[in-house]
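Pasted below: protein-v4.txt, compact mmCIF, C-alpha atoms and all ligand atoms.
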```
# COMPACT_ATOMS: atom_id res chain seq x y z
CA MET A 1 -101.60 -114.38 189.61
CA GLU A 2 -100.26 -112.22 186.80
CA LEU A 3 -100.91 -111.90 183.09
CA SER A 4 -98.42 -110.81 180.43
CA PHE A 5 -99.16 -110.53 176.75
CA LEU A 6 -96.30 -111.70 174.55
CA GLY A 7 -98.20 -111.35 171.26
CA ALA A 8 -101.53 -110.40 169.65
CA THR A 9 -101.42 -106.93 171.18
CA GLU A 10 -102.59 -104.22 168.76
CA THR A 11 -102.40 -106.92 166.08
CA VAL A 12 -104.34 -110.08 165.31
CA THR A 13 -101.41 -112.49 165.10
CA GLY A 14 -98.75 -114.04 167.33
CA SER A 15 -101.19 -114.91 170.14
CA LYS A 16 -99.25 -115.81 173.28
CA THR A 17 -100.43 -114.96 176.79
CA LEU A 18 -98.37 -115.81 179.83
CA LEU A 19 -100.26 -116.68 183.01
CA ASP A 20 -98.02 -116.66 186.04
CA LEU A 21 -99.66 -118.76 188.74
CA GLY A 22 -96.98 -118.15 191.35
CA GLN A 23 -95.45 -121.62 191.61
CA LYS A 24 -96.12 -122.37 187.98
CA LYS A 25 -96.15 -120.57 184.66
CA VAL A 26 -98.28 -121.45 181.65
CA LEU A 27 -98.71 -120.03 178.18
CA ILE A 28 -102.08 -119.74 176.46
CA ASP A 29 -101.54 -120.16 172.70
CA CYS A 30 -98.22 -119.98 170.92
CA GLY A 31 -98.85 -118.32 167.59
CA MET A 32 -96.61 -117.02 164.85
CA PHE A 33 -96.64 -113.31 163.95
CA GLN A 34 -97.86 -112.82 160.38
CA GLY A 35 -98.48 -109.89 158.06
CA SER A 36 -96.20 -106.91 157.36
CA SER A 37 -92.43 -107.46 157.48
CA GLU A 38 -92.34 -105.30 160.61
CA VAL A 39 -94.76 -107.65 162.38
CA GLN A 40 -93.01 -110.77 161.04
CA GLU A 41 -89.73 -109.41 162.39
CA LEU A 42 -91.13 -110.08 165.90
CA ASN A 43 -90.72 -113.83 165.23
CA THR A 44 -86.96 -113.40 165.09
CA LYS A 45 -86.59 -111.45 168.36
CA GLU A 46 -85.23 -113.05 171.51
CA LEU A 47 -87.99 -115.09 173.21
CA PRO A 48 -89.67 -113.03 175.95
CA VAL A 49 -89.82 -116.06 178.24
CA ASP A 50 -87.48 -119.02 178.66
CA PRO A 51 -89.56 -121.94 177.28
CA ALA A 52 -87.81 -124.33 179.68
CA THR A 53 -89.43 -122.48 182.61
CA LEU A 54 -92.98 -123.01 181.32
CA ASP A 55 -94.96 -125.84 182.92
CA ALA A 56 -97.53 -126.13 180.14
CA ILE A 57 -98.90 -124.56 176.99
CA PHE A 58 -102.65 -124.50 176.30
CA ILE A 59 -103.73 -124.22 172.67
CA THR A 60 -107.23 -122.81 172.06
CA HIS A 61 -107.33 -123.76 168.37
CA GLY A 62 -105.27 -124.76 165.37
CA HIS A 63 -105.00 -121.48 163.46
CA PHE A 64 -101.38 -120.62 162.65
CA ASP A 65 -101.50 -117.38 164.61
CA HIS A 66 -102.37 -119.42 167.73
CA CYS A 67 -100.12 -122.49 167.33
CA GLY A 68 -97.54 -121.78 164.59
CA PHE A 69 -94.69 -120.94 166.99
CA LEU A 70 -94.95 -124.10 169.16
CA PRO A 71 -91.99 -125.92 167.55
CA VAL A 72 -89.78 -122.86 168.21
CA TYR A 73 -90.59 -123.14 171.93
CA VAL A 74 -89.88 -126.89 171.85
CA ARG A 75 -86.59 -126.26 170.04
CA ASN A 76 -85.68 -123.77 172.76
CA GLY A 77 -86.21 -126.11 175.68
CA PHE A 78 -89.93 -126.37 176.34
CA HIS A 79 -90.60 -129.83 177.80
CA GLY A 80 -93.97 -129.49 179.58
CA LYS A 81 -97.38 -130.62 178.39
CA ILE A 82 -99.35 -129.08 175.54
CA TYR A 83 -103.10 -129.23 176.29
CA CYS A 84 -105.93 -128.94 173.76
CA THR A 85 -108.88 -130.90 172.38
CA HIS A 86 -108.37 -133.98 170.22
CA ALA A 87 -109.61 -132.23 167.06
CA THR A 88 -107.35 -129.24 167.70
CA ARG A 89 -104.30 -131.49 168.00
CA GLU A 90 -105.05 -132.89 164.53
CA VAL A 91 -105.61 -129.42 163.06
CA VAL A 92 -102.34 -128.21 164.66
CA ARG A 93 -100.45 -131.12 163.08
CA LEU A 94 -101.87 -130.19 159.66
CA ILE A 95 -101.03 -126.50 160.10
CA LEU A 96 -97.47 -127.07 161.37
CA GLU A 97 -96.64 -129.60 158.65
CA ASP A 98 -97.90 -127.16 156.05
CA SER A 99 -95.80 -124.41 157.60
CA VAL A 100 -92.65 -126.52 157.15
CA ARG A 101 -93.49 -126.92 153.45
CA VAL A 102 -94.09 -123.17 153.07
CA GLN A 103 -90.83 -122.36 154.90
CA GLU A 104 -88.87 -124.78 152.67
CA PHE A 105 -90.36 -123.09 149.62
CA GLU A 106 -89.63 -119.58 150.92
CA LEU A 107 -86.07 -120.56 151.77
CA LYS A 108 -85.56 -121.77 148.21
CA GLU A 109 -87.06 -118.54 146.85
CA GLY A 110 -84.79 -116.47 149.08
CA LYS A 111 -87.74 -114.96 151.00
CA LEU A 112 -86.51 -116.58 154.22
CA THR A 113 -82.93 -116.72 155.44
CA ASP A 114 -83.44 -119.64 157.81
CA MET A 115 -86.18 -122.14 158.70
CA PHE A 116 -87.93 -121.51 162.03
CA TYR A 117 -88.24 -125.27 162.43
CA SER A 118 -88.02 -128.56 160.54
CA ALA A 119 -90.36 -131.51 160.02
CA GLU A 120 -88.47 -133.29 162.84
CA ASP A 121 -89.16 -130.37 165.20
CA VAL A 122 -92.86 -130.66 164.38
CA GLU A 123 -92.77 -134.42 165.05
CA ARG A 124 -91.12 -133.80 168.42
CA THR A 125 -93.62 -131.06 169.27
CA MET A 126 -96.54 -133.43 168.66
CA GLU A 127 -95.17 -135.77 171.36
CA PHE A 128 -95.87 -133.18 174.08
CA PHE A 129 -99.61 -133.06 173.37
CA LYS A 130 -102.18 -134.22 175.93
CA VAL A 131 -105.73 -134.08 174.62
CA ARG A 132 -108.61 -133.12 176.89
CA GLU A 133 -112.42 -133.29 176.59
CA LEU A 134 -114.70 -130.28 176.32
CA GLU A 135 -116.28 -129.09 179.60
CA GLU A 136 -114.56 -131.70 181.78
CA GLU A 137 -112.79 -130.10 184.72
CA TYR A 138 -109.13 -131.16 185.00
CA SER A 139 -106.77 -130.39 187.83
CA PHE A 140 -103.49 -128.82 186.82
CA ASP A 141 -102.19 -128.88 190.37
CA GLU A 142 -103.65 -128.66 193.86
CA HIS A 143 -104.88 -125.06 193.43
CA VAL A 144 -105.43 -124.78 189.68
CA HIS A 145 -108.15 -126.39 187.57
CA PHE A 146 -108.99 -125.89 183.91
CA GLN A 147 -111.83 -126.55 181.50
CA PHE A 148 -112.08 -126.19 177.72
CA TYR A 149 -115.34 -124.76 176.33
CA GLN A 150 -116.75 -124.89 172.81
CA ALA A 151 -115.78 -121.71 170.86
CA GLY A 152 -117.23 -122.56 167.41
CA HIS A 153 -114.91 -120.68 164.98
CA ILE A 154 -113.10 -123.72 163.44
CA LEU A 155 -113.01 -127.46 164.10
CA GLY A 156 -111.77 -128.16 167.65
CA ALA A 157 -111.71 -124.49 168.71
CA THR A 158 -112.11 -123.73 172.40
CA SER A 159 -112.13 -121.07 175.04
CA LEU A 160 -110.39 -121.87 178.30
CA LEU A 161 -111.40 -121.38 181.93
CA PHE A 162 -108.87 -121.46 184.77
CA LYS A 163 -109.91 -121.73 188.39
CA VAL A 164 -107.08 -120.54 190.60
CA GLY A 165 -108.09 -120.86 194.24
CA GLN A 166 -111.21 -118.66 194.50
CA GLU A 167 -110.46 -116.75 191.30
CA THR A 168 -111.52 -117.58 187.75
CA ILE A 169 -110.05 -116.31 184.52
CA TYR A 170 -111.47 -117.02 181.08
CA PHE A 171 -109.54 -116.89 177.80
CA SER A 172 -111.93 -116.52 174.88
CA GLY A 173 -109.59 -117.79 172.14
CA ASP A 174 -111.25 -116.86 168.85
CA LEU A 175 -115.04 -116.85 169.14
CA GLY A 176 -117.24 -118.11 166.32
CA ARG A 177 -120.72 -117.06 165.30
CA GLU A 178 -124.30 -118.05 165.94
CA VAL A 179 -125.04 -118.03 162.22
CA ASP A 180 -122.14 -120.33 161.22
CA LEU A 181 -123.45 -123.12 158.99
CA ILE A 182 -121.46 -126.01 160.46
CA HIS A 183 -119.53 -124.86 163.54
CA PRO A 184 -121.39 -124.83 166.87
CA VAL A 185 -122.33 -121.68 168.75
CA PRO A 186 -119.74 -120.75 171.42
CA LYS A 187 -120.66 -121.90 174.91
CA ILE A 188 -119.64 -119.46 177.63
CA PRO A 189 -119.59 -120.32 181.35
CA LYS A 190 -122.12 -118.42 183.46
CA GLU A 191 -119.67 -116.88 185.88
CA PHE A 192 -116.02 -115.79 185.95
CA ASP A 193 -113.95 -112.91 187.34
CA TYR A 194 -111.52 -112.00 184.57
CA LEU A 195 -111.72 -112.27 180.82
CA VAL A 196 -109.08 -112.12 178.10
CA LEU A 197 -111.13 -111.36 175.00
CA GLU A 198 -110.31 -111.41 171.30
CA SER A 199 -111.24 -108.21 169.45
CA THR A 200 -110.77 -109.01 165.77
CA TYR A 201 -114.14 -107.49 164.82
CA GLY A 202 -114.57 -105.34 167.92
CA ASP A 203 -115.39 -102.34 165.73
CA ARG A 204 -117.69 -104.10 163.32
CA VAL A 205 -121.16 -105.50 162.82
CA HIS A 206 -121.21 -108.16 160.11
CA GLU A 207 -123.55 -107.52 157.18
CA LYS A 208 -126.79 -109.40 157.39
CA VAL A 209 -126.58 -110.42 153.70
CA ASP A 210 -126.95 -114.16 153.17
CA TYR A 211 -123.81 -115.22 151.33
CA LYS A 212 -125.63 -118.19 149.86
CA GLU A 213 -127.73 -115.74 147.83
CA VAL A 214 -124.52 -114.22 146.43
CA ILE A 215 -123.22 -117.67 145.47
CA LYS A 216 -126.58 -118.46 143.82
CA THR A 217 -126.34 -115.34 141.64
CA HIS A 218 -122.86 -116.32 140.45
CA ILE A 219 -123.91 -119.91 139.79
CA LYS A 220 -126.74 -118.59 137.63
CA LYS A 221 -124.20 -116.62 135.57
CA ILE A 222 -121.78 -119.48 134.98
CA LYS A 223 -124.70 -121.70 133.99
CA GLU A 224 -125.52 -119.18 131.28
CA THR A 225 -121.94 -118.81 130.05
CA ASN A 226 -120.63 -122.33 130.77
CA GLY A 227 -117.95 -120.65 132.84
CA VAL A 228 -116.05 -121.61 135.97
CA LEU A 229 -116.75 -120.23 139.43
CA LEU A 230 -113.36 -120.25 141.16
CA ILE A 231 -113.54 -119.81 144.93
CA PRO A 232 -110.13 -119.31 146.62
CA ALA A 233 -110.69 -120.41 150.21
CA PHE A 234 -108.73 -121.11 153.39
CA ALA A 235 -108.18 -124.85 153.65
CA VAL A 236 -109.43 -125.25 157.21
CA ALA A 237 -113.02 -124.28 158.05
CA ARG A 238 -113.83 -122.01 155.09
CA THR A 239 -113.54 -124.81 152.50
CA GLN A 240 -115.83 -127.09 154.55
CA VAL A 241 -118.38 -124.33 155.15
CA LEU A 242 -118.47 -123.68 151.40
CA ILE A 243 -118.91 -127.39 150.62
CA TYR A 244 -121.89 -127.44 152.97
CA ALA A 245 -123.33 -124.16 151.66
CA LEU A 246 -123.16 -125.45 148.07
CA ALA A 247 -124.98 -128.66 149.04
CA GLU A 248 -127.72 -126.56 150.67
CA ILE A 249 -128.00 -124.37 147.58
CA PHE A 250 -128.39 -127.43 145.34
CA LYS A 251 -131.09 -128.78 147.63
CA GLU A 252 -132.96 -125.47 147.74
CA GLU A 253 -132.67 -124.73 144.03
CA LYS A 254 -133.19 -128.30 142.84
CA TYR A 255 -130.21 -128.33 140.49
CA ARG A 256 -126.64 -129.56 140.73
CA LEU A 257 -123.36 -128.49 139.27
CA PRO A 258 -120.05 -130.33 139.55
CA VAL A 259 -118.00 -129.10 142.52
CA PHE A 260 -114.26 -129.81 142.80
CA VAL A 261 -111.80 -129.19 145.62
CA ASP A 262 -108.16 -129.01 144.59
CA SER A 263 -106.08 -128.24 147.67
CA PRO A 264 -104.04 -130.97 149.40
CA MET A 265 -104.47 -129.23 152.73
CA GLY A 266 -108.17 -128.51 152.11
CA ILE A 267 -108.70 -132.21 151.43
CA ARG A 268 -106.85 -133.27 154.60
CA ALA A 269 -108.83 -130.73 156.60
CA THR A 270 -112.11 -131.96 155.07
CA LYS A 271 -111.21 -135.49 156.20
CA LEU A 272 -110.65 -134.18 159.74
CA TYR A 273 -114.11 -132.61 159.65
CA GLU A 274 -115.46 -136.02 158.65
CA LYS A 275 -113.49 -137.71 161.46
CA PHE A 276 -114.78 -135.28 164.10
CA ILE A 277 -118.25 -134.98 162.59
CA ASP A 278 -119.87 -135.23 166.07
CA GLU A 279 -118.36 -131.87 166.97
CA LEU A 280 -120.23 -130.05 164.20
CA LYS A 281 -123.58 -128.32 164.50
CA VAL A 282 -125.04 -130.23 161.54
CA SER A 283 -126.14 -133.86 161.52
CA GLU A 284 -123.75 -136.58 160.40
CA LYS A 285 -126.19 -137.53 157.63
CA ASP A 286 -126.38 -133.98 156.23
CA PHE A 287 -122.62 -133.40 156.36
CA LEU A 288 -121.81 -136.72 154.69
CA SER A 289 -124.39 -136.08 152.01
CA ALA A 290 -122.81 -132.65 151.35
CA LEU A 291 -119.40 -134.32 150.99
CA LYS A 292 -120.83 -136.77 148.48
CA ARG A 293 -121.69 -133.88 146.16
CA VAL A 294 -118.05 -132.79 145.95
CA LYS A 295 -115.12 -134.34 144.11
CA LEU A 296 -111.90 -134.04 146.09
CA LEU A 297 -109.04 -134.03 143.57
CA GLU A 298 -106.60 -136.26 145.38
CA PHE A 299 -104.82 -138.41 142.87
CA GLY A 300 -103.16 -137.94 139.51
CA ASN A 301 -106.07 -139.68 137.77
CA ASP A 302 -108.62 -137.35 139.31
CA LEU A 303 -106.64 -134.37 138.10
CA LYS A 304 -106.24 -135.84 134.63
CA LYS A 305 -109.99 -136.40 134.31
CA PHE A 306 -110.66 -132.98 135.80
CA SER A 307 -108.44 -131.25 133.23
CA LYS A 308 -110.92 -132.33 130.52
CA GLN A 309 -113.92 -131.01 132.44
CA SER A 310 -115.85 -128.30 130.67
CA GLY A 311 -117.92 -125.61 132.40
CA PRO A 312 -120.11 -124.83 134.11
CA TYR A 313 -118.56 -126.00 137.36
CA ILE A 314 -117.38 -124.74 140.74
CA LEU A 315 -113.80 -125.10 141.93
CA ILE A 316 -112.59 -124.46 145.49
CA SER A 317 -108.84 -124.13 145.96
CA SER A 318 -106.31 -122.66 148.44
CA SER A 319 -104.80 -120.34 149.48
CA GLY A 320 -107.73 -118.08 150.29
CA MET A 321 -105.92 -114.86 149.35
CA ILE A 322 -104.31 -116.30 146.17
CA SER A 323 -100.94 -115.85 147.88
CA GLY A 324 -99.69 -119.36 147.09
CA GLY A 325 -100.84 -122.95 146.65
CA ARG A 326 -102.75 -124.60 143.81
CA VAL A 327 -105.13 -121.69 143.38
CA LEU A 328 -102.38 -119.67 141.66
CA LYS A 329 -102.42 -122.11 138.75
CA TYR A 330 -106.21 -121.80 138.44
CA PHE A 331 -106.12 -118.02 138.74
CA ASP A 332 -103.70 -118.08 135.81
CA LYS A 333 -105.90 -120.46 133.83
CA PHE A 334 -109.35 -118.96 134.46
CA GLY A 335 -108.52 -115.32 135.24
CA LYS A 336 -108.21 -114.21 131.62
CA ASP A 337 -111.66 -115.31 130.45
CA GLU A 338 -114.63 -113.01 131.05
CA LYS A 339 -117.07 -115.91 131.32
CA ASN A 340 -115.42 -117.01 134.58
CA ILE A 341 -115.94 -115.62 138.09
CA ILE A 342 -113.42 -115.38 140.92
CA LEU A 343 -115.27 -115.22 144.21
CA LEU A 344 -113.03 -114.27 147.13
CA ALA A 345 -114.26 -115.86 150.34
CA GLY A 346 -113.01 -113.85 153.27
CA TYR A 347 -110.36 -111.46 154.52
CA GLN A 348 -107.67 -110.48 151.99
CA GLY A 349 -104.31 -109.37 153.44
CA GLU A 350 -102.33 -106.37 152.16
CA GLY A 351 -100.16 -107.13 149.13
CA THR A 352 -101.94 -110.38 148.23
CA ILE A 353 -103.40 -111.00 144.77
CA GLY A 354 -106.83 -111.23 146.40
CA LYS A 355 -106.49 -107.71 147.78
CA ARG A 356 -105.17 -106.38 144.46
CA LEU A 357 -108.11 -107.94 142.60
CA LEU A 358 -110.55 -106.24 144.97
CA ALA A 359 -108.77 -102.93 144.32
CA GLY A 360 -109.49 -103.41 140.61
CA GLU A 361 -105.97 -104.30 139.43
CA GLU A 362 -106.16 -106.20 136.15
CA ASP A 363 -102.55 -106.97 135.22
CA TYR A 364 -100.34 -109.55 136.88
CA VAL A 365 -97.11 -111.40 136.20
CA LEU A 366 -97.44 -115.09 137.03
CA PHE A 367 -95.17 -118.02 136.26
CA GLY A 368 -92.98 -115.77 134.13
CA HIS A 369 -95.74 -114.42 131.88
CA LYS A 370 -98.30 -111.63 131.90
CA LEU A 371 -101.93 -112.17 132.83
CA HIS A 372 -104.66 -109.68 132.07
CA VAL A 373 -107.71 -110.43 134.19
CA ASN A 374 -111.09 -110.32 132.47
CA ALA A 375 -112.93 -112.64 134.83
CA LYS A 376 -115.56 -111.08 137.05
CA ILE A 377 -114.31 -110.46 140.61
CA ASP A 378 -116.50 -110.50 143.69
CA GLN A 379 -116.19 -111.07 147.43
CA LEU A 380 -118.53 -113.04 149.66
CA PRO A 381 -120.08 -110.89 152.38
CA SER A 382 -120.34 -111.89 156.04
CA ILE A 383 -118.71 -115.30 155.89
CA SER A 384 -116.27 -114.48 158.72
CA ALA A 385 -115.55 -117.12 161.39
CA HIS A 386 -115.18 -114.38 164.07
CA ALA A 387 -118.06 -112.98 166.09
CA ASP A 388 -118.68 -109.25 165.60
CA LYS A 389 -119.09 -106.77 168.47
CA THR A 390 -122.82 -107.33 168.97
CA GLU A 391 -122.42 -111.10 168.91
CA MET A 392 -119.61 -110.91 171.48
CA LEU A 393 -121.74 -108.67 173.69
CA SER A 394 -124.64 -111.11 173.50
CA TYR A 395 -122.30 -113.95 174.56
CA LEU A 396 -121.12 -111.93 177.57
CA LYS A 397 -124.35 -110.32 178.73
CA GLU A 398 -125.40 -113.20 180.96
CA VAL A 399 -121.98 -113.63 182.63
CA LYS A 400 -122.05 -112.95 186.37
CA GLY A 401 -119.24 -111.58 188.51
CA LEU A 402 -117.14 -110.18 185.67
CA ARG A 403 -114.64 -107.68 187.09
CA LYS A 404 -112.20 -106.89 184.34
CA ILE A 405 -111.77 -107.51 180.61
CA PHE A 406 -108.39 -107.53 178.88
CA LEU A 407 -108.66 -107.00 175.14
CA ASN A 408 -106.15 -108.59 172.81
CA HIS A 409 -106.11 -109.98 169.26
CA GLY A 410 -107.30 -106.85 167.48
CA GLU A 411 -105.95 -103.91 165.46
CA LYS A 412 -105.54 -100.59 167.32
CA GLU A 413 -108.72 -98.88 166.04
CA SER A 414 -110.78 -101.98 166.61
CA LEU A 415 -109.50 -102.30 170.21
CA GLU A 416 -110.27 -98.69 171.10
CA SER A 417 -113.77 -98.76 169.71
CA PHE A 418 -114.48 -102.15 171.33
CA GLN A 419 -113.19 -100.88 174.68
CA GLU A 420 -115.70 -98.04 174.61
CA PHE A 421 -118.54 -100.27 173.41
CA LEU A 422 -117.98 -102.89 176.13
CA SER A 423 -117.43 -100.48 179.02
CA GLN A 424 -120.70 -98.72 178.12
CA ASN A 425 -122.73 -101.90 177.77
CA LEU A 426 -121.28 -104.08 180.52
CA GLU A 427 -120.21 -101.45 183.03
CA VAL A 428 -116.96 -103.21 183.67
CA ASP A 429 -113.31 -102.17 183.55
CA VAL A 430 -111.94 -102.83 180.03
CA ILE A 431 -108.19 -102.72 179.43
CA ILE A 432 -106.33 -102.81 176.13
CA ALA A 433 -103.47 -105.25 176.67
CA LYS A 434 -99.97 -103.95 175.85
CA ARG A 435 -97.13 -106.24 174.84
CA GLY A 436 -94.50 -106.75 177.52
CA GLU A 437 -96.54 -105.24 180.37
CA ASN A 438 -97.57 -107.27 183.41
CA TYR A 439 -101.11 -107.20 184.73
CA PRO A 440 -101.78 -108.49 188.26
CA VAL A 441 -105.20 -110.14 188.50
CA GLU A 442 -105.68 -110.52 192.26
CA VAL A 443 -108.55 -108.87 194.15
ZN ZN A 501 -108.62 -118.35 164.74
```
Go ahead and express the file in the form of structure tokens.
Amino acid sequence: MELSFLGATETVTGSKTLLDLGQKKVLIDCGMFQGSSEVQELNTKELPVDPATLDAIFITHGHFDHCGFLPVYVRNGFHGKIYCTHATREVVRLILEDSVRVQEFELKEGKLTDMFYSAEDVERTMEFFKVRELEEEYSFDEHVHFQFYQAGHILGATSLLFKVGQETIYFSGDLGREVDLIHPVPKIPKEFDYLVLESTYGDRVHEKVDYKEVIKTHIKKIKETNGVLLIPAFAVARTQVLIYALAEIFKEEKYRLPVFVDSPMGIRATKLYEKFIDELKVSEKDFLSALKRVKLLEFGNDLKKFSKQSGPYILISSSGMISGGRVLKYFDKFGKDEKNIILLAGYQGEGTIGKRLLAGEEDYVLFGHKLHVNAKIDQLPSISAHADKTEMLSYLKEVKGLRKIFLNHGEKESLESFQEFLSQNLEVDVIIAKRGENYPVEV
């Protein structure tokens, strides 16, 4: 058995890990590289493996950096099975369809010279999916069995255990958090030999601040000024966590303010959360009652009515870094007025408006005109969907038989500090995975 890392090495995107089982070869995740142009360039390089030679691809969850490259593999001859949970398949569909729209837009704008794939490629990709249940053991062939485990993080997200003869290898995928409002706590098997572990926050301990308290403070302000609290949020997971958090705040504080969601993808994702409500940590009754408190702006009429709405109210829109989508229009509309608040909910990538706002930049050019920002800017603390280093250690402490950990899905500094932290606390060999190198995993 041999592992090779084709992506997500010294970076957090492009997750693709090749597991060579001797007779068969499988890929775990098939993500797109995102971020700086140097990193994105990796998407255009010759594929490191011939997709036609792969027997299957396993998808841990529907984030773009874990599934966004699937149609490229299908276009280049992949014809095996794609395994994941039912909810993940639906999230993947949403993410890939959105990617086609973004690519079409970027092509028109001249930011892209060619599409990576078309809507037809996505359709064809979806035909290869085979959904599997959590924790059921499935046989892949005579010697290889696999099981998906709950990873929290986002709807449908899993970790993946392979049993290969007497050996076991566990792929963490992206691990969620114990304190997540709606996603379950990751469930880790009690025993395995090898571990491929994500390291996004391997150098960090999340702040203990309750982000609901921060939201409450901002709500108080907009109630005083009749302003708008604009929350740019990722469409999948973050938007639904915020919807739930707001419902809890209203219950605790015994008041209500109108809440709107204007994001076509956020609305589709919210409907998936409703469809797979059994997979959430919260009760069906509580989640449905939270949804009732929110107006999803789906149709022209809703938007028309909404345009006459006066403050105070709360508006959630995508993208989460104000790098595109409907939120741009609202940033333009509400950014200039000091009575409004823009509350950034999560990681802000380099070069995005979100990042520039946090750096204190006040002047922007949008839709062909200038915008001077007077709105108050803030960022929600500790709302990440990734476990931090102490949470990951607590998940792994009880695992028996662990021989070696391969770290991927992290930036360089984070990987090095996490390597030291884990080897000290678990007394196990910890390796930082390098792209293109092969790692034998036999005894
Ligand atoms: Zn993820």
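Considering the residues A:Ser99, A:Ser4, A:Gln424, A:Ser382 and counting all atoms listed in the file, Lys208 (chain A) has its shortest atom-to-atom contact with A:Ser382.
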>> Could you list the protein, DNA and RNA residues that have any atom within 8 Å of ligand ZN 501 (chain A), counting all atoms listed in the file, and write them as number ranges by chain?
In response: A: 61-66, 153-154, 157, 173-175, 385-386
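If you measure from each of A:Phe331, A:Val26, A:Val179, A:Ala387 to Val365 (chain A) using all atoms listed in the file, the closest one turns out to be A:Phe331.
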>> For a quick check of understanding, using all atoms listed in the file, which of A:Ser199, A:Ser323, A:Ser317, A:Gln150 has the smallest distance to His409 (chain A)?
In response: A:Ser199
>> Need the shell around Glu207 (chain A): protein/DNA/RNA residues with any atom at most 12 Å away, counting all atoms listed in the file. Skip same-chain ones fewer than 4 positions apart. Format as a count of residues only?
In response: 10
> CA of Val100 (chain A) and CA of Arg356 (chain A) are how many Å apart?
Replying inline: 26.9 Å
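The interatomic distance for the pair CA of Met392 (chain A) and CA of Gly202 (chain A) works out to 8.3 Å.
Rounded to one decimal, CA of Ala119 (chain A) and CA of Leu96 (chain A) lie 8.5 Å from each other.
If all atoms listed in the file are the atoms counted, then among A:His183, A:Lys108, A:Lys216, A:Lys221 the closest residue to Tyr255 (chain A) is A:Lys216.
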Assuming 8 Å of padding per side, give the centre and edge lengths of the axis-aligned box around every listed atom of region 294-311 of chain A, in Å to one decimal and as lines of an AutoDock Vina configuration file.
```
center_x = -110.6
center_y = -132.6
center_z = 138.3
size_x = 30.9
size_y = 30.1
size_z = 31.6
```
Sorted by chain and rising residue number, which residues of region 216-247 of chain A lie within 8 Å of region 262-283 of chain A, and what are their closest atom pairs and distances in Å to one decimal, counting only C-alpha atoms, as JSON lines?
```
{"residue": "A:Phe234", "atom": "CA", "partner": "A:Gly266", "partner_atom": "CA", "distance": 7.5}
{"residue": "A:Ala235", "atom": "CA", "partner": "A:Gly266", "partner_atom": "CA", "distance": 4.0}
{"residue": "A:Val236", "atom": "CA", "partner": "A:Ala269", "partner_atom": "CA", "distance": 5.5}
{"residue": "A:Ala237", "atom": "CA", "partner": "A:Ala269", "partner_atom": "CA", "distance": 7.8}
{"residue": "A:Thr239", "atom": "CA", "partner": "A:Gly266", "partner_atom": "CA", "distance": 6.5}
{"residue": "A:Gln240", "atom": "CA", "partner": "A:Thr270", "partner_atom": "CA", "distance": 6.2}
```
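For the set A:Phe148, A:Phe116, A:Phe306, A:Tyr201, the residue with the smallest atom-to-atom gap to Glu411 (chain A) is A:Tyr201, counting all atoms listed in the file.
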>> Which residues are close to Pro312 (chain A), i.e. within 6 Å by all atoms listed in the file, leaving aside same-chain residues fewer than 3 positions away? Reply as a VMD selection string.
In response: chain A and resid 222 to 223 226 to 228
Using all atoms listed in the file, what residues lie at most 9 Å away from (-87.3, -119.3, 178.2) (file coordinates), given as a PDB file with C-alpha atoms, keeping the file's coordinate frame?
```
ATOM      1  CA  LEU A  47     -87.990-115.090 173.210  1.00  0.00           C
ATOM      2  CA  PRO A  48     -89.670-113.030 175.950  1.00  0.00           C
ATOM      3  CA  VAL A  49     -89.820-116.060 178.240  1.00  0.00           C
ATOM      4  CA  ASP A  50     -87.480-119.020 178.660  1.00  0.00           C
ATOM      5  CA  PRO A  51     -89.560-121.940 177.280  1.00  0.00           C
ATOM      6  CA  ALA A  52     -87.810-124.330 179.680  1.00  0.00           C
ATOM      7  CA  THR A  53     -89.430-122.480 182.610  1.00  0.00           C
ATOM      8  CA  LEU A  54     -92.980-123.010 181.320  1.00  0.00           C
ATOM      9  CA  TYR A  73     -90.590-123.140 171.930  1.00  0.00           C
ATOM     10  CA  ASN A  76     -85.680-123.770 172.760  1.00  0.00           C
ATOM     11  CA  GLY A  77     -86.210-126.110 175.680  1.00  0.00           C
ATOM     12  CA  PHE A  78     -89.930-126.370 176.340  1.00  0.00           C
TER      13      PHE A  78
END
```
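Closest approach to Phe129 (chain A) among A:Lys163, A:Lys295, A:His86, A:Lys81: A:Lys81, based on only C-alpha atoms.
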>> Can you tell me which residues surround Gln103 (chain A) at a distance of at most 12 Å, considering all atoms listed in the file, apart from same-chain residues fewer than 3 positions away, and format the answer as JSON, numbers by chain?
In response: {"A": [68, 96, 97, 98, 99, 100, 106, 107, 108, 109, 110, 111, 112, 113, 114, 115, 116, 117, 118, 119]}
>> Please list as a VMD selection string every residue within 10 Å of Gly436 (chain A), counting only C-alpha atoms and excluding residues in the same chain fewer than 5 positions away.
In response: chain A and resid 3 to 7 9 48
